[in-house]
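Trainee: Pasting structure-v4.cif below, which is mmCIF, C-alpha atoms.
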```cif
data_target
loop_
_atom_site.label_atom_id
_atom_site.label_comp_id
_atom_site.auth_asym_id
_atom_site.auth_seq_id
_atom_site.Cartn_x
_atom_site.Cartn_y
_atom_site.Cartn_z
CA MET A 828 -10.00 -19.84 23.51
CA VAL A 829 -9.38 -18.74 19.91
CA ASN A 830 -12.43 -17.49 18.02
CA VAL A 831 -12.88 -16.80 14.31
CA ARG A 832 -14.69 -13.57 13.56
CA ILE A 833 -15.59 -11.57 10.48
CA ALA A 834 -14.78 -7.88 10.50
CA GLU A 835 -18.18 -6.29 9.96
CA SER A 836 -17.72 -2.76 11.29
CA ASP A 837 -15.30 -0.13 10.03
CA VAL A 838 -13.55 -0.25 13.41
CA GLU A 839 -12.93 -4.00 13.07
CA LYS A 840 -11.68 -3.63 9.51
CA VAL A 841 -9.23 -0.92 10.54
CA GLU A 842 -7.88 -3.28 13.20
CA VAL A 843 -7.33 -5.92 10.50
CA TYR A 844 -5.60 -3.39 8.26
CA ARG A 845 -3.44 -2.25 11.19
CA PHE A 846 -2.46 -5.85 11.96
CA ARG A 847 -1.32 -6.30 8.36
CA TYR A 848 0.61 -3.03 8.47
CA GLU A 849 2.45 -4.03 11.65
CA TYR A 850 3.35 -7.37 10.08
CA PHE A 851 4.85 -5.85 6.95
CA GLN A 852 6.65 -3.09 8.84
CA ASN A 853 7.91 -4.77 11.97
CA VAL A 854 7.94 -8.52 11.36
CA VAL A 855 9.13 -9.02 7.79
CA GLN A 856 10.28 -5.42 7.26
CA ARG A 857 8.86 -5.06 3.78
CA PHE A 858 8.39 -1.34 3.41
CA TYR A 859 7.27 -1.14 -0.21
CA VAL A 860 4.27 -3.49 -0.28
CA ARG A 861 1.42 -2.05 -2.30
CA GLY A 862 -1.29 -0.64 -0.05
CA LEU A 863 0.85 0.47 2.88
CA ASP A 864 -0.37 3.76 4.31
CA HIS A 865 2.43 5.10 6.48
CA VAL A 866 0.34 8.03 7.71
CA LYS A 867 -2.63 6.01 9.00
CA LYS A 868 -0.38 2.99 9.69
CA ILE A 869 -2.69 0.56 7.93
CA HIS A 870 -2.43 -1.73 4.93
CA ILE A 871 -5.41 -1.46 2.59
CA GLU A 872 -6.01 -2.30 -1.09
CA GLU A 873 -8.87 -1.66 -3.49
CA ILE A 874 -9.98 -5.29 -3.42
CA ASP A 875 -10.48 -5.08 0.37
CA ALA A 876 -13.76 -3.23 -0.14
CA PHE A 877 -15.19 -6.27 -1.96
CA SER A 878 -13.81 -8.96 0.35
CA ARG A 879 -14.69 -10.65 3.61
CA HIS A 880 -12.09 -10.21 6.36
CA TYR A 881 -11.67 -13.05 8.84
CA TYR A 882 -9.62 -12.68 11.96
CA LEU A 883 -8.56 -14.91 14.81
CA GLU A 884 -9.14 -13.37 18.22
CA GLN A 885 -8.02 -14.43 21.67
CA ASP A 886 -8.49 -12.29 24.78
CA SER A 887 -9.43 -9.28 22.59
CA ARG A 888 -6.16 -9.65 20.65
CA ILE A 889 -5.87 -10.43 16.94
CA LEU A 890 -3.71 -13.48 16.26
CA GLY A 891 -4.24 -13.78 12.53
CA VAL A 892 -6.11 -12.45 9.53
CA LEU A 893 -7.25 -13.77 6.15
CA ARG A 894 -8.95 -12.04 3.24
CA HIS A 895 -11.53 -14.09 1.36
CA THR A 896 -12.83 -12.74 -1.93
CA ARG A 897 -15.61 -14.04 -4.14
CA LEU A 898 -14.34 -13.09 -7.57
CA GLY A 899 -17.82 -12.37 -8.86
CA ASP A 900 -18.14 -9.55 -6.31
CA VAL A 901 -15.07 -7.67 -7.58
CA PRO A 902 -15.34 -5.09 -10.38
CA LYS A 903 -13.65 -6.32 -13.55
CA ASP A 904 -11.24 -3.38 -13.67
CA ILE A 905 -9.85 -4.31 -10.25
CA LEU A 906 -9.57 -7.98 -11.22
CA ALA A 907 -7.63 -6.89 -14.30
CA LYS A 908 -5.43 -4.48 -12.35
CA ASP A 909 -4.54 -7.22 -9.86
CA ASP A 910 -3.86 -9.72 -12.69
CA ILE A 911 -6.16 -12.26 -11.00
CA SER A 912 -7.00 -14.12 -14.20
CA ASP A 913 -3.35 -14.39 -15.25
CA ILE A 914 -2.07 -15.38 -11.81
CA PHE A 915 -4.55 -18.25 -11.52
CA ASN A 916 -4.78 -19.03 -15.25
CA LEU A 917 -8.57 -18.91 -15.18
CA GLU A 918 -9.22 -19.11 -18.92
CA ALA A 919 -10.11 -22.81 -18.97
CA VAL A 920 -12.08 -22.65 -15.71
CA LEU A 921 -14.23 -19.72 -16.85
CA LYS A 922 -15.42 -21.76 -19.83
CA ILE A 923 -17.17 -24.03 -17.33
CA ALA A 924 -17.97 -21.98 -14.22
CA GLU A 925 -19.06 -18.39 -13.62
CA LEU A 926 -16.97 -16.03 -11.50
CA ASP A 927 -19.60 -16.32 -8.74
CA LYS A 928 -18.45 -19.92 -8.24
CA LEU A 929 -14.81 -18.89 -7.71
CA SER A 930 -13.12 -17.37 -4.69
CA MET A 931 -9.63 -16.44 -3.56
CA ASN A 932 -7.82 -16.45 -0.24
CA SER A 933 -5.09 -13.86 0.24
CA ARG A 934 -3.24 -11.81 2.85
CA LEU A 935 -3.12 -14.72 5.28
CA ILE A 936 -0.99 -13.53 8.19
CA LEU A 937 -0.53 -15.29 11.52
CA ASP A 938 1.03 -13.97 14.68
CA LYS A 939 4.11 -15.95 15.69
CA SER A 940 2.29 -17.31 18.74
CA ALA A 941 -0.40 -18.88 16.53
CA ARG A 942 1.89 -20.65 14.08
CA GLY A 943 2.01 -24.40 14.45
CA SER A 944 -1.17 -24.38 16.53
CA ALA A 945 -4.70 -25.44 15.63
CA ALA A 946 -5.54 -21.81 14.81
CA LEU A 947 -4.94 -22.10 11.07
CA GLY A 948 -7.14 -25.19 10.82
CA ILE A 949 -9.93 -23.43 12.73
CA LEU A 950 -9.69 -20.46 10.39
CA PHE A 951 -9.68 -22.51 7.19
CA SER A 952 -12.60 -24.64 8.37
CA ARG A 953 -14.70 -21.51 8.90
CA VAL A 954 -13.76 -20.04 5.52
CA TYR A 955 -14.47 -23.40 3.86
CA MET A 956 -17.86 -23.64 5.56
CA ASP A 957 -18.84 -20.14 4.43
CA GLY A 958 -17.66 -20.92 0.91
CA LEU A 959 -19.92 -23.95 0.77
CA LEU A 960 -22.86 -21.89 2.02
CA ASP A 961 -22.12 -19.25 -0.63
CA GLY A 962 -22.09 -21.82 -3.45
CA VAL A 963 -18.36 -21.54 -4.16
CA GLU A 964 -16.87 -24.45 -6.09
CA LEU A 965 -13.21 -23.43 -6.48
CA ASP A 966 -11.04 -21.52 -4.03
CA PHE A 967 -7.64 -20.24 -5.18
CA LEU A 968 -4.53 -19.07 -3.37
CA THR A 969 -0.82 -18.64 -3.98
CA ALA A 970 1.58 -20.47 -1.69
CA ALA A 971 5.22 -19.97 -0.84
CA PRO A 972 7.15 -23.21 -1.52
CA SER A 973 7.48 -23.83 2.22
CA SER A 974 3.68 -23.72 2.62
CA ILE A 975 2.72 -26.13 -0.16
CA GLN A 976 2.54 -29.21 2.07
CA VAL A 977 0.37 -27.42 4.64
CA TYR A 978 -2.21 -26.50 2.01
CA ARG A 979 -2.02 -29.91 0.33
CA LYS A 980 -3.03 -31.59 3.58
CA SER A 981 -6.24 -29.56 3.54
CA GLY A 982 -7.06 -30.39 -0.07
CA TYR A 983 -5.49 -27.62 -2.15
CA ARG A 984 -3.72 -28.86 -5.25
CA ARG A 985 -1.06 -27.49 -7.51
CA TYR A 986 -2.24 -27.19 -11.11
CA ARG A 987 0.24 -24.94 -12.91
CA SER A 988 3.83 -23.78 -12.87
CA GLY A 989 4.96 -21.23 -10.34
CA ILE A 990 4.66 -17.51 -10.93
CA GLU A 991 6.80 -14.49 -10.20
CA HIS A 992 4.52 -12.62 -7.82
CA PRO A 993 5.22 -8.87 -7.94
CA GLU A 994 5.54 -8.70 -4.15
CA ASN A 995 6.22 -12.20 -2.90
CA GLY A 996 8.66 -13.46 -5.50
CA TYR A 997 8.22 -17.12 -6.49
CA ASP A 998 4.75 -18.38 -5.55
CA VAL A 999 2.78 -21.48 -6.46
CA PRO A 1000 -0.91 -21.12 -7.43
CA MET A 1001 -3.11 -23.80 -5.83
CA VAL A 1002 -6.81 -24.58 -5.94
CA LEU A 1003 -9.30 -26.32 -3.68
CA MET A 1004 -12.34 -28.01 -5.21
CA LEU A 1005 -14.74 -27.57 -2.31
CA ASN A 1006 -17.05 -30.40 -3.38
CA ASP A 1007 -14.48 -32.92 -4.59
CA THR A 1008 -15.19 -35.17 -1.61
CA ASP A 1009 -13.39 -38.11 -3.21
CA HIS A 1010 -10.11 -36.21 -3.09
CA LEU A 1011 -10.76 -34.84 0.40
CA THR A 1012 -11.46 -38.38 1.56
CA SER A 1013 -8.38 -39.86 -0.12
CA ILE A 1014 -6.03 -37.42 1.63
CA LYS A 1015 -7.98 -37.47 4.92
CA SER A 1016 -8.51 -33.74 4.78
CA PRO A 1017 -9.55 -32.09 8.06
CA LEU A 1018 -12.14 -30.21 5.99
CA LEU A 1019 -14.17 -33.39 5.58
CA ARG A 1020 -15.68 -32.95 9.03
CA THR A 1021 -16.93 -29.53 8.00
CA ARG A 1022 -18.33 -30.87 4.72
CA ARG A 1023 -20.23 -33.58 6.55
CA ALA A 1024 -21.62 -31.02 8.99
CA VAL A 1025 -23.36 -29.32 6.06
CA ALA A 1026 -24.23 -32.47 4.13
CA HIS A 1027 -27.59 -30.94 3.26
CA ILE A 1028 -25.86 -28.52 0.86
CA ASN A 1029 -26.11 -29.99 -2.61
CA SER A 1030 -23.49 -29.15 -5.20
CA ASP A 1031 -23.97 -29.12 -8.96
CA LEU A 1032 -22.50 -32.52 -9.77
CA LYS A 1033 -22.26 -31.78 -13.50
CA LEU A 1034 -20.32 -28.62 -12.75
CA VAL A 1035 -18.03 -30.45 -10.31
CA GLU A 1036 -17.38 -33.18 -12.87
CA GLY A 1037 -16.74 -30.62 -15.60
CA LEU A 1038 -14.24 -28.72 -13.47
CA LEU A 1039 -12.52 -31.93 -12.44
CA ASP A 1040 -12.23 -33.04 -16.06
CA ALA A 1041 -10.74 -29.66 -17.00
CA LEU A 1042 -8.25 -29.60 -14.14
CA TRP A 1043 -7.40 -33.27 -13.86
CA PRO A 1044 -4.57 -33.26 -16.45
CA ARG A 1045 -2.98 -30.37 -14.56
CA PHE A 1046 -3.47 -32.02 -11.17
CA LYS A 1047 -1.80 -35.13 -12.50
CA ALA A 1048 1.09 -33.20 -14.05
CA TYR A 1049 1.87 -31.30 -10.87
CA ASP A 1050 1.04 -33.93 -8.26
CA GLU A 1051 4.09 -34.00 -6.01
CA ASP A 1052 3.44 -37.62 -5.05
CA THR A 1053 3.63 -38.83 -8.65
CA LEU A 1054 6.49 -36.63 -9.81
CA ARG A 1055 8.99 -36.59 -7.04
CA LEU A 1056 11.62 -39.27 -6.70
CA PRO A 1057 11.02 -41.90 -4.06
CA ALA A 1058 12.54 -40.76 -0.77
CA LEU A 1059 15.25 -43.43 -0.79
CA GLU A 1060 16.31 -42.66 -4.37
CA LEU A 1061 16.41 -38.92 -3.68
CA SER A 1062 18.34 -39.54 -0.48
CA PHE A 1063 21.09 -41.26 -2.50
CA ALA A 1064 21.07 -38.42 -5.04
CA LEU A 1065 21.46 -35.77 -2.36
CA ALA A 1066 24.31 -37.69 -0.76
CA GLU A 1067 26.29 -37.26 -3.98
CA GLU A 1068 25.78 -33.49 -4.15
CA GLY A 1069 28.56 -31.31 -2.80
CA ILE A 1070 26.45 -29.32 -0.36
CA PHE A 1071 25.02 -32.51 1.16
CA ALA A 1072 28.14 -34.67 0.96
CA SER A 1073 29.05 -34.06 4.60
CA LEU A 1074 25.67 -35.28 5.87
CA SER A 1075 25.01 -38.81 6.96
CA ARG A 1076 22.23 -40.88 5.41
CA GLU A 1077 20.22 -40.43 8.61
CA GLU A 1078 20.61 -36.65 8.41
CA ILE A 1079 19.59 -36.59 4.76
CA ASP A 1080 16.55 -38.75 5.51
CA ALA A 1081 15.65 -36.28 8.25
CA LEU A 1082 15.37 -33.55 5.62
CA PHE A 1083 12.15 -35.15 4.44
CA THR A 1084 10.42 -34.18 7.68
CA PHE A 1085 10.40 -30.52 6.71
CA VAL A 1086 11.45 -29.98 3.09
CA THR A 1087 9.10 -29.66 0.14
CA VAL A 1088 9.94 -31.39 -3.13
CA PHE A 1089 8.05 -30.30 -6.22
CA ASN A 1090 8.34 -30.16 -9.97
CA LEU A 1091 9.76 -27.10 -11.73
CA GLU A 1092 9.37 -26.13 -15.35
CA PRO A 1093 12.55 -25.30 -17.29
CA GLY A 1094 13.41 -21.63 -16.88
CA GLU A 1095 11.35 -20.98 -13.76
CA GLN A 1096 13.02 -18.35 -11.59
CA ILE A 1097 12.57 -19.26 -7.95
CA ILE A 1098 14.68 -16.54 -6.34
CA ALA A 1099 16.07 -13.17 -7.40
CA LYS A 1100 18.76 -10.96 -5.96
CA HIS A 1101 17.68 -8.85 -2.96
CA GLN A 1102 14.33 -10.67 -2.58
CA ARG A 1103 13.23 -11.05 1.03
CA ARG A 1104 11.83 -14.52 1.60
CA ASP A 1105 11.72 -16.74 4.63
CA GLU A 1106 12.68 -19.95 2.80
#
```
Show this structure as structure tokens.

Mentor:
Amino acid sequence: MVNVRIAESDVEKVEVYRFRYEYFQNVVQRFYVRGLDHVKKIHIEEIDAFSRHYYLEQDSRILGVLRHTRLGDVPKDILAKDDISDIFNLEAVLKIAELDKLSMNSRLILDKSARGSAALGILFSRVYMDGLLDGVELDFLTAAPSSIQVYRKSGYRRYRSGIEHPENGYDVPMVLMLNDTDHLTSIKSPLLRTRRAVAHINSDLKLVEGLLDALWPRFKAYDEDTLRLPALELSFALAEEGIFASLSREEIDALFTFVTVFNLEPGEQIIAKHQRRDE
């Protein structure tokens, strides 16, 4: 059985940091990620001291980790150093909600054996539950293009153009409105069950409405379902492209089972020479 735990002791936190180090060193072989300590063989950053560290455990073995940070708990100099406001374009949001209402998920790493299983859903449900209990209204993250659909199914939404992340390359900022139950219902989010389990938690409806009003134009602009070509139309378009010309219509249609189609702004750089990505 897979359990979700929070690293409370220093020993547990070191195990989380060691798991991250092993991932960067041995799995993706990224040797120059900020925070790598090659002497202690751990990966640790300043923001870790102000974050909650979740980990998936099975038979005393860590299968995955996730760092959850309430932005109001982080000193402003660290927020500035990590470019948090710029990455997530928080200017408009902070006119409506205090930092204490905002959180961020980062350093999500899963062992190969846990990918494609229910483990990620279990982890996100726990983090979502704790966010509700803490009074969080918005939770941010950056997603690789290949991960967009996974997060969208939970309720995260794209609201701005992609960014050039200093370590990851091209990433897409996304946000989850924890108390936008209308949206969670419309997409049949698995988080709805968790929200109903804590139905006694009341959210500030005026704040929720204000945030939705502020973000709605961006949600609409970047909603993949409204912007992308219908599957059939795109299938014809791909068939005319040189790299897809040798594929049959059935093979092109099959692409839609695992590709992500999303809008790009003119001039966005999605890949650079020598970048290591898994897309």

Trainee: My list of candidates is A:Gly862, A:Gly982, A:Gly996, A:Gly1037. Which is closest to Ala1099 of chain A when distances are computed with all atoms listed in the file?

Mentor: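 Of all the options, A:Gly996 lies closest to Ala1099 of chain A.
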
Trainee: Atom CA of Leu1032 of chain A and atom CA of Arg984 of chain A, how far apart in Å?

Mentor: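 Atom CA of Arg984 of chain A sits 19.7 Å away from atom CA of Leu1032 of chain A.
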
Trainee: Taking (-15.6, -23.0, -3.6) in the coordinates of the supplied file, I want to know which residues reach to within 8 Å of it, counting all atoms listed in the file; could you give the answer as a tab-separated table (two decimals) with C-alpha atoms, in the frame of the given file?

Mentor:
```tsv
chain	number	residue	atom	x	y	z
A	928	LYS	CA	-18.45	-19.92	-8.24
A	929	LEU	CA	-14.81	-18.89	-7.71
A	930	SER	CA	-13.12	-17.37	-4.69
A	955	TYR	CA	-14.47	-23.40	3.86
A	958	GLY	CA	-17.66	-20.92	0.91
A	959	LEU	CA	-19.92	-23.95	0.77
A	962	GLY	CA	-22.09	-21.82	-3.45
A	963	VAL	CA	-18.36	-21.54	-4.16
A	964	GLU	CA	-16.87	-24.45	-6.09
A	965	LEU	CA	-13.21	-23.43	-6.48
A	966	ASP	CA	-11.04	-21.52	-4.03
A	1003	LEU	CA	-9.30	-26.32	-3.68
A	1004	MET	CA	-12.34	-28.01	-5.21
A	1005	LEU	CA	-14.74	-27.57	-2.31
A	1006	ASN	CA	-17.05	-30.40	-3.38
```

Trainee: Suppose a student applies the PyMOL selection byres ((chain A and resi 867-878) around 6) to this structure; what residues should they get, written as a PyMOL selection string?

Mentor: chain A and resi 844-845+847-848+862-866+879+895-896+901

Trainee: What separation in Å, quoted to one decimal, exists between atom CA of Ser973 of chain A and atom CA of Lys1015 of chain A?

Mentor: 20.8 Å

Trainee: For a quick check of understanding, using all atoms listed in the file, which of A:Met931, A:Ala1072, A:Ala945, A:Leu1011 has the smallest distance to Ile914 of chain A?

Mentor: A:Met931

Trainee: Translate the PyMOL selection byres ((chain A and resi 1092-1096) around 8) into a concrete residue list for this structure, as a PyMOL selection string.

Mentor: chain A and resi 988-989+991+997+1090-1091+1097-1099

Trainee: Would you tabulate, counting all atoms listed in the file, all residues of segment 863-931 of chain A that have an atom at most 8 Å from an atom of segment 948-953 of chain A, showing the closest pair of atoms and their distance in Å to one decimal, sorted by chain then ascending number, as a tab-separated table?

Mentor:
```
residue	atom	partner	partner_atom	distance
A:Tyr881	CA	A:Leu950	CA	7.8
A:Tyr882	CA	A:Leu950	CA	7.9
A:Leu883	CA	A:Leu950	CA	7.2
```

Trainee: Check which residues satisfy the PyMOL selection byres ((chain A and resi 891) around 6) in the file shown, then give them as JSON, numbers by chain.

Mentor: {"A": [882, 883, 889, 890, 892, 936, 937, 938]}

Trainee: My list of candidates is A:Leu1082, A:Ile923, A:Leu960, A:Leu906. Which is closest to Thr1021 of chain A when distances are computed with only C-alpha atoms?

Mentor: A:Leu960

Trainee: Name the closest residue to Ile975 of chain A among the candidates A:Val829, A:Met956, A:Val843, A:Met1001; distances are taken between atoms, counting all atoms listed in the file.

Mentor: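 Selected residue with least distance to Ile975 of chain A: A:Met1001.
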
Trainee: If I take atom CA of Ala919 of chain A and atom CA of Arg1045 of chain A, how far is one from the other in Å, to one decimal?

Mentor: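 Pair atom CA of Ala919 of chain A / atom CA of Arg1045 of chain A returns 11.3 Å.
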
Trainee: Draw an axis-aligned box over all listed atoms of segment 868-883 of chain A, pad each side with 8 Å, and write its centre and edge lengths in Å, one decimal, as JSON.

Mentor:
```
{"center_x": -7.8, "center_y": -6.0, "center_z": 5.7, "size_x": 30.8, "size_y": 33.9, "size_z": 34.3}
```

Trainee: Find the spatial neighbours of Ile911 of chain A, counting only C-alpha atoms, within a cut-off of 12 Å - ignore same-chain residues fewer than 4 positions away - and output them as a list in words.

Mentor: Ile874, Thr896, Arg897, Leu898, Gly899, Val901, Pro902, Lys903, Asp904, Ile905, Leu906, Ala907, Phe915, Asn916, Leu917, Glu918, Leu926, Leu929, Ser930, Met931, Asn932, Ser933, Phe967, Leu968, Thr969, His992 and Pro1000 of chain A

Trainee: Any chance you could export the current selection's C-alpha atoms as an mmCIF file, in the coordinates of the input?

Mentor:
```cif
data_model
loop_
_atom_site.group_PDB
_atom_site.id
_atom_site.type_symbol
_atom_site.label_atom_id
_atom_site.label_comp_id
_atom_site.auth_asym_id
_atom_site.auth_seq_id
_atom_site.Cartn_x
_atom_site.Cartn_y
_atom_site.Cartn_z
ATOM 1 C CA ILE A 874 -9.980 -5.290 -3.420
ATOM 2 C CA THR A 896 -12.830 -12.740 -1.930
ATOM 3 C CA ARG A 897 -15.610 -14.040 -4.140
ATOM 4 C CA LEU A 898 -14.340 -13.090 -7.570
ATOM 5 C CA GLY A 899 -17.820 -12.370 -8.860
ATOM 6 C CA VAL A 901 -15.070 -7.670 -7.580
ATOM 7 C CA PRO A 902 -15.340 -5.090 -10.380
ATOM 8 C CA LYS A 903 -13.650 -6.320 -13.550
ATOM 9 C CA ASP A 904 -11.240 -3.380 -13.670
ATOM 10 C CA ILE A 905 -9.850 -4.310 -10.250
ATOM 11 C CA LEU A 906 -9.570 -7.980 -11.220
ATOM 12 C CA ALA A 907 -7.630 -6.890 -14.300
ATOM 13 C CA PHE A 915 -4.550 -18.250 -11.520
ATOM 14 C CA ASN A 916 -4.780 -19.030 -15.250
ATOM 15 C CA LEU A 917 -8.570 -18.910 -15.180
ATOM 16 C CA GLU A 918 -9.220 -19.110 -18.920
ATOM 17 C CA LEU A 926 -16.970 -16.030 -11.500
ATOM 18 C CA LEU A 929 -14.810 -18.890 -7.710
ATOM 19 C CA SER A 930 -13.120 -17.370 -4.690
ATOM 20 C CA MET A 931 -9.630 -16.440 -3.560
ATOM 21 C CA ASN A 932 -7.820 -16.450 -0.240
ATOM 22 C CA SER A 933 -5.090 -13.860 0.240
ATOM 23 C CA PHE A 967 -7.640 -20.240 -5.180
ATOM 24 C CA LEU A 968 -4.530 -19.070 -3.370
ATOM 25 C CA THR A 969 -0.820 -18.640 -3.980
ATOM 26 C CA HIS A 992 4.520 -12.620 -7.820
ATOM 27 C CA PRO A 1000 -0.910 -21.120 -7.430
#
```

Trainee: Kindly reconstruct segment 936-952 of chain A with N, CA, C and O atoms and present the result as a PDB file, keeping the file's coordinate frame.

Mentor:
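Dumped everything to part39.pdb:
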```pdb
ATOM      1  N   ILE A 936      -2.094 -13.910   7.308  1.00  0.00           N
ATOM      2  CA  ILE A 936      -0.990 -13.530   8.190  1.00  0.00           C
ATOM      3  C   ILE A 936      -1.302 -14.046   9.587  1.00  0.00           C
ATOM      4  O   ILE A 936      -2.392 -13.803  10.118  1.00  0.00           O
ATOM      5  N   LEU A 937      -0.366 -14.776  10.177  1.00  0.00           N
ATOM      6  CA  LEU A 937      -0.530 -15.290  11.520  1.00  0.00           C
ATOM      7  C   LEU A 937       0.510 -14.696  12.452  1.00  0.00           C
ATOM      8  O   LEU A 937       1.680 -14.549  12.070  1.00  0.00           O
ATOM      9  N   ASP A 938       0.093 -14.368  13.649  1.00  0.00           N
ATOM     10  CA  ASP A 938       1.030 -13.970  14.680  1.00  0.00           C
ATOM     11  C   ASP A 938       1.935 -15.164  15.010  1.00  0.00           C
ATOM     12  O   ASP A 938       1.520 -16.323  14.896  1.00  0.00           O
ATOM     13  N   LYS A 939       3.155 -14.883  15.399  1.00  0.00           N
ATOM     14  CA  LYS A 939       4.110 -15.950  15.690  1.00  0.00           C
ATOM     15  C   LYS A 939       3.565 -16.934  16.709  1.00  0.00           C
ATOM     16  O   LYS A 939       3.791 -18.140  16.609  1.00  0.00           O
ATOM     17  N   SER A 940       2.817 -16.443  17.679  1.00  0.00           N
ATOM     18  CA  SER A 940       2.290 -17.310  18.740  1.00  0.00           C
ATOM     19  C   SER A 940       1.248 -18.293  18.234  1.00  0.00           C
ATOM     20  O   SER A 940       0.965 -19.303  18.888  1.00  0.00           O
ATOM     21  N   ALA A 941       0.654 -18.021  17.065  1.00  0.00           N
ATOM     22  CA  ALA A 941      -0.400 -18.880  16.530  1.00  0.00           C
ATOM     23  C   ALA A 941       0.115 -19.896  15.523  1.00  0.00           C
ATOM     24  O   ALA A 941      -0.602 -20.823  15.154  1.00  0.00           O
ATOM     25  N   ARG A 942       1.347 -19.737  15.086  1.00  0.00           N
ATOM     26  CA  ARG A 942       1.890 -20.650  14.080  1.00  0.00           C
ATOM     27  C   ARG A 942       2.155 -22.015  14.701  1.00  0.00           C
ATOM     28  O   ARG A 942       2.664 -22.122  15.806  1.00  0.00           O
ATOM     29  N   GLY A 943       1.810 -23.055  13.958  1.00  0.00           N
ATOM     30  CA  GLY A 943       2.010 -24.400  14.450  1.00  0.00           C
ATOM     31  C   GLY A 943       0.908 -24.872  15.387  1.00  0.00           C
ATOM     32  O   GLY A 943       0.927 -26.014  15.844  1.00  0.00           O
ATOM     33  N   SER A 944      -0.058 -24.012  15.659  1.00  0.00           N
ATOM     34  CA  SER A 944      -1.170 -24.380  16.530  1.00  0.00           C
ATOM     35  C   SER A 944      -2.365 -24.810  15.679  1.00  0.00           C
ATOM     36  O   SER A 944      -2.283 -24.878  14.450  1.00  0.00           O
ATOM     37  N   ALA A 945      -3.487 -25.049  16.343  1.00  0.00           N
ATOM     38  CA  ALA A 945      -4.700 -25.440  15.630  1.00  0.00           C
ATOM     39  C   ALA A 945      -5.410 -24.231  15.015  1.00  0.00           C
ATOM     40  O   ALA A 945      -6.418 -24.393  14.329  1.00  0.00           O
ATOM     41  N   ALA A 946      -4.862 -23.041  15.239  1.00  0.00           N
ATOM     42  CA  ALA A 946      -5.540 -21.810  14.810  1.00  0.00           C
ATOM     43  C   ALA A 946      -5.785 -21.774  13.313  1.00  0.00           C
ATOM     44  O   ALA A 946      -6.877 -21.400  12.861  1.00  0.00           O
ATOM     45  N   LEU A 947      -4.780 -22.165  12.521  1.00  0.00           N
ATOM     46  CA  LEU A 947      -4.940 -22.100  11.070  1.00  0.00           C
ATOM     47  C   LEU A 947      -6.043 -23.048  10.608  1.00  0.00           C
ATOM     48  O   LEU A 947      -6.848 -22.709   9.735  1.00  0.00           O
ATOM     49  N   GLY A 948      -6.098 -24.244  11.188  1.00  0.00           N
ATOM     50  CA  GLY A 948      -7.140 -25.190  10.820  1.00  0.00           C
ATOM     51  C   GLY A 948      -8.528 -24.676  11.163  1.00  0.00           C
ATOM     52  O   GLY A 948      -9.476 -24.848  10.391  1.00  0.00           O
ATOM     53  N   ILE A 949      -8.652 -24.023  12.317  1.00  0.00           N
ATOM     54  CA  ILE A 949      -9.930 -23.430  12.730  1.00  0.00           C
ATOM     55  C   ILE A 949     -10.353 -22.355  11.734  1.00  0.00           C
ATOM     56  O   ILE A 949     -11.515 -22.289  11.319  1.00  0.00           O
ATOM     57  N   LEU A 950      -9.401 -21.539  11.335  1.00  0.00           N
ATOM     58  CA  LEU A 950      -9.690 -20.460  10.390  1.00  0.00           C
ATOM     59  C   LEU A 950     -10.109 -20.999   9.038  1.00  0.00           C
ATOM     60  O   LEU A 950     -11.126 -20.573   8.468  1.00  0.00           O
ATOM     61  N   PHE A 951      -9.359 -21.968   8.507  1.00  0.00           N
ATOM     62  CA  PHE A 951      -9.680 -22.510   7.190  1.00  0.00           C
ATOM     63  C   PHE A 951     -11.005 -23.265   7.201  1.00  0.00           C
ATOM     64  O   PHE A 951     -11.735 -23.243   6.206  1.00  0.00           O
ATOM     65  N   SER A 952     -11.323 -23.938   8.289  1.00  0.00           N
ATOM     66  CA  SER A 952     -12.600 -24.640   8.370  1.00  0.00           C
ATOM     67  C   SER A 952     -13.772 -23.668   8.288  1.00  0.00           C
ATOM     68  O   SER A 952     -14.771 -23.934   7.620  1.00  0.00           O
TER      69      SER A 952
END
```
